[in-house]
Amino acid sequence: MEPVVLRTERLVLDQPTEADARSIVDYCRDPLFERWLTTPWPYEPRHAEGFVATLVPLGWTTGTEATWAVRTRDDGPLIGVISYRTLRGDVGFWLGADQRGNGYMREALAAVVQWVFVSGDVPQTDAVTWEAMAGNRDSAAVARAVGFAFTGTAPSSHPVRDGSHVPSWHGVLLRSHDARQARASWPEETRL
């Protein structure tokens, strides 16, 4: 699979590079990352360097994971990261603390889901899944805004740092989803 650039009204999604490593380190040291994400903790420069030099290119080359840097303009600074993992058909994302509240991740997620559904680069699917640790209302708000339906609370698909599978919220976006039904599926506990 060849890397692709996705564009939205306000964003450019392209490949994270070595020049982004410092920003990734700074963002991934956010205490919220320790609580809600499976990124290494404490997050060190070597983690970011390995991510951009090895993990991202390997994901594209093998066709197992498409990962983008989220930017507000061509050659702009990285403000977040979003990925689609082909083996599980799921998405993962994060946005830097200083960029939250602008709707950027909703816009990026919508673009990635659209790419998954129409791209010939990934195996055809009728569903994209999402999950977040139970209690991560910010991530749930993004998924809900893009049209994912809540499918329940269950152990995480991805192990957390200690190898366990913690209670997580799960959702799915179907190619032919009903937006009204999807919105209604989210329980109150998942809302901001």
# chains A, B, ... in the order shown; residues from 1 in each chain; ligands from 1
call {"tool": "residues_around", "arguments": {"residues": "stretch 143-160 of chain A", "least_positions_apart": "5", "cutoff": "6 Å", "atoms": "only C-alpha atoms", "output": "VMD selection string"}}
result
chain A and resid 38 110 165 to 173 179 182 185 to 186
call {"tool": "select_by_dssp", "arguments": {"residues": "stretch 127-182 of chain A", "states": "alpha helix (DSSP H)", "output": "PyMOL selection string"}}
result
chain A and resi 137-146+179-182
call {"tool": "write_last_selection", "arguments": {"atoms": "C-alpha atoms", "output": "compact mmCIF listing (two decimals), in the first residue's frame"}}
result
# COMPACT_ATOMS: atom_id res chain seq x y z
CA ARG A 137 -15.88 10.81 26.70
CA ASP A 138 -13.79 13.02 24.41
CA SER A 139 -12.99 10.11 22.09
CA ALA A 140 -16.63 8.99 22.25
CA ALA A 141 -17.76 12.49 21.25
CA VAL A 142 -15.60 12.35 18.13
CA ALA A 143 -16.85 8.91 17.12
CA ARG A 144 -20.49 9.87 17.80
CA ALA A 145 -20.15 13.11 15.78
CA VAL A 146 -18.86 11.19 12.75
CA ALA A 179 -27.38 8.62 11.43
CA ARG A 180 -30.44 9.05 13.66
CA GLN A 181 -30.24 5.49 14.98
CA ALA A 182 -26.47 5.80 15.45
call {"tool": "closest_residue", "arguments": {"among": "A:Val122, A:Cys28, A:Ala134, A:Val5", "to": "A:Gly89", "atoms": "only C-alpha atoms"}}
result
A:Val122
call {"tool": "residues_around", "arguments": {"residues": "A:Leu13", "least_positions_apart": "3", "cutoff": "8 Å", "atoms": "only C-alpha atoms", "output": "PDB file with C-alpha atoms, in the first residue's frame"}}
result
ATOM      1  CA  VAL A   5      -2.476  12.353   1.400  1.00  0.00           C
ATOM      2  CA  LEU A   6      -6.027  13.204   2.422  1.00  0.00           C
ATOM      3  CA  ARG A   7      -7.367  16.757   2.368  1.00  0.00           C
ATOM      4  CA  TRP A  68      -1.417  10.101   9.065  1.00  0.00           C
ATOM      5  CA  ALA A  69      -0.146  13.241  10.720  1.00  0.00           C
ATOM      6  CA  VAL A  70      -2.959  15.750  11.105  1.00  0.00           C
ATOM      7  CA  ARG A  71      -1.967  19.271  10.011  1.00  0.00           C
ATOM      8  CA  ALA A 108      -9.929  13.975  10.150  1.00  0.00           C
TER       9      ALA A 108
END
call {"tool": "closest_atom_pairs", "arguments": {"of": "stretch 94-189 of chain A", "to": "stretch 74-88 of chain A", "cutoff": "10 Å", "atoms": "only C-alpha atoms", "output": "Markdown table"}}
result
| residue | atom | partner | partner_atom | distance |
| --- | --- | --- | --- | --- |
| A:Trp94 | CA | A:Gly80 | CA | 5.5 |
| A:Leu95 | CA | A:Gly80 | CA | 4.1 |
| A:Gly96 | CA | A:Ile79 | CA | 5.5 |
| A:Ala97 | CA | A:Ile79 | CA | 8.8 |
| A:Asp98 | CA | A:Ile79 | CA | 8.4 |
| A:Gln99 | CA | A:Ile79 | CA | 6.6 |
| A:Arg100 | CA | A:Ile79 | CA | 9.4 |
| A:Tyr104 | CA | A:Gly80 | CA | 9.1 |
| A:Met105 | CA | A:Gly80 | CA | 8.1 |
| A:Ala108 | CA | A:Ile82 | CA | 7.6 |
| A:Leu109 | CA | A:Ile82 | CA | 7.4 |
| A:Val112 | CA | A:Tyr84 | CA | 7.5 |
| A:Val113 | CA | A:Tyr84 | CA | 8.5 |
| A:Trp115 | CA | A:Tyr84 | CA | 10.0 |
| A:Val116 | CA | A:Tyr84 | CA | 8.1 |
| A:Val122 | CA | A:Thr86 | CA | 6.9 |
| A:Pro123 | CA | A:Thr86 | CA | 7.4 |
| A:Gln124 | CA | A:Thr86 | CA | 9.8 |
| A:Thr125 | CA | A:Thr86 | CA | 9.6 |
| A:Val128 | CA | A:Arg88 | CA | 8.7 |
| A:Thr129 | CA | A:Arg88 | CA | 7.9 |
| A:Trp130 | CA | A:Tyr84 | CA | 9.8 |
| A:Ser157 | CA | A:Arg88 | CA | 9.0 |
call {"tool": "closest_residue", "arguments": {"among": "A:Arg29, A:Arg106, A:Gly120, A:Glu131", "to": "A:Val91", "atoms": "only C-alpha atoms"}}
result
A:Glu131
call {"tool": "select_by_dssp", "arguments": {"residues": "chain A", "states": "strand (DSSP E)", "output": "ChimeraX atom specification"}}
result
/A:6-7,12-14,65-71,80-85,90-95,127-133,149-155,167-174
call {"tool": "atom_distance", "arguments": {"atom1": "atom CA of A:Leu58", "atom2": "atom CA of A:Gln114"}}
result
22.7 Å
call {"tool": "closest_residue", "arguments": {"among": "A:Arg46, A:Arg10, A:Arg175, A:Arg35", "to": "A:Ala132", "atoms": "only C-alpha atoms"}}
result
A:Arg35
call {"tool": "atom_distance", "arguments": {"atom1": "atom CA of A:Phe51", "atom2": "atom CA of A:Pro16"}}
result
8.8 Å
call {"tool": "atom_distance", "arguments": {"atom1": "atom CA of A:Asp90", "atom2": "atom CA of A:Ala48"}}
result
21.8 Å
call {"tool": "closest_residue", "arguments": {"among": "A:Pro187, A:Gly63, A:Pro3, A:Gly135", "to": "A:Leu32", "atoms": "only C-alpha atoms"}}
result
A:Gly135
call {"tool": "residues_around", "arguments": {"residues": "A:Trp60", "least_positions_apart": "4", "cutoff": "8 Å", "atoms": "only C-alpha atoms", "output": "VMD selection string"}}
result
chain A and resid 1 to 3 56 64 to 67
call {"tool": "write_last_selection", "arguments": {"atoms": "N, CA and C atoms", "output": "compact mmCIF listing (two decimals), in the first residue's frame"}}
result
# COMPACT_ATOMS: atom_id res chain seq x y z
N MET A 1 0.86 -1.17 0.00
CA MET A 1 0.00 0.00 0.00
C MET A 1 0.90 1.23 0.00
N GLU A 2 0.61 2.15 -0.87
CA GLU A 2 1.37 3.40 -0.95
C GLU A 2 0.73 4.45 -0.06
N PRO A 3 1.53 5.25 0.66
CA PRO A 3 0.96 6.33 1.46
C PRO A 3 0.16 7.30 0.59
N VAL A 56 5.38 3.59 11.25
CA VAL A 56 4.52 4.20 10.23
C VAL A 56 4.86 3.65 8.84
N THR A 64 -0.89 -3.05 6.64
CA THR A 64 -1.58 -3.36 7.89
C THR A 64 -2.08 -2.13 8.63
N GLU A 65 -1.46 -0.98 8.37
CA GLU A 65 -1.88 0.23 9.08
C GLU A 65 -1.55 1.47 8.25
N ALA A 66 -2.56 2.29 8.09
CA ALA A 66 -2.40 3.58 7.41
C ALA A 66 -2.40 4.65 8.49
N THR A 67 -1.29 5.37 8.62
CA THR A 67 -1.15 6.38 9.68
C THR A 67 -0.85 7.73 9.06
call {"tool": "closest_residue", "arguments": {"among": "A:Trp36, A:Ala111, A:Leu192, A:Asp121", "to": "A:Thr62", "atoms": "only C-alpha atoms"}}
result
A:Asp121
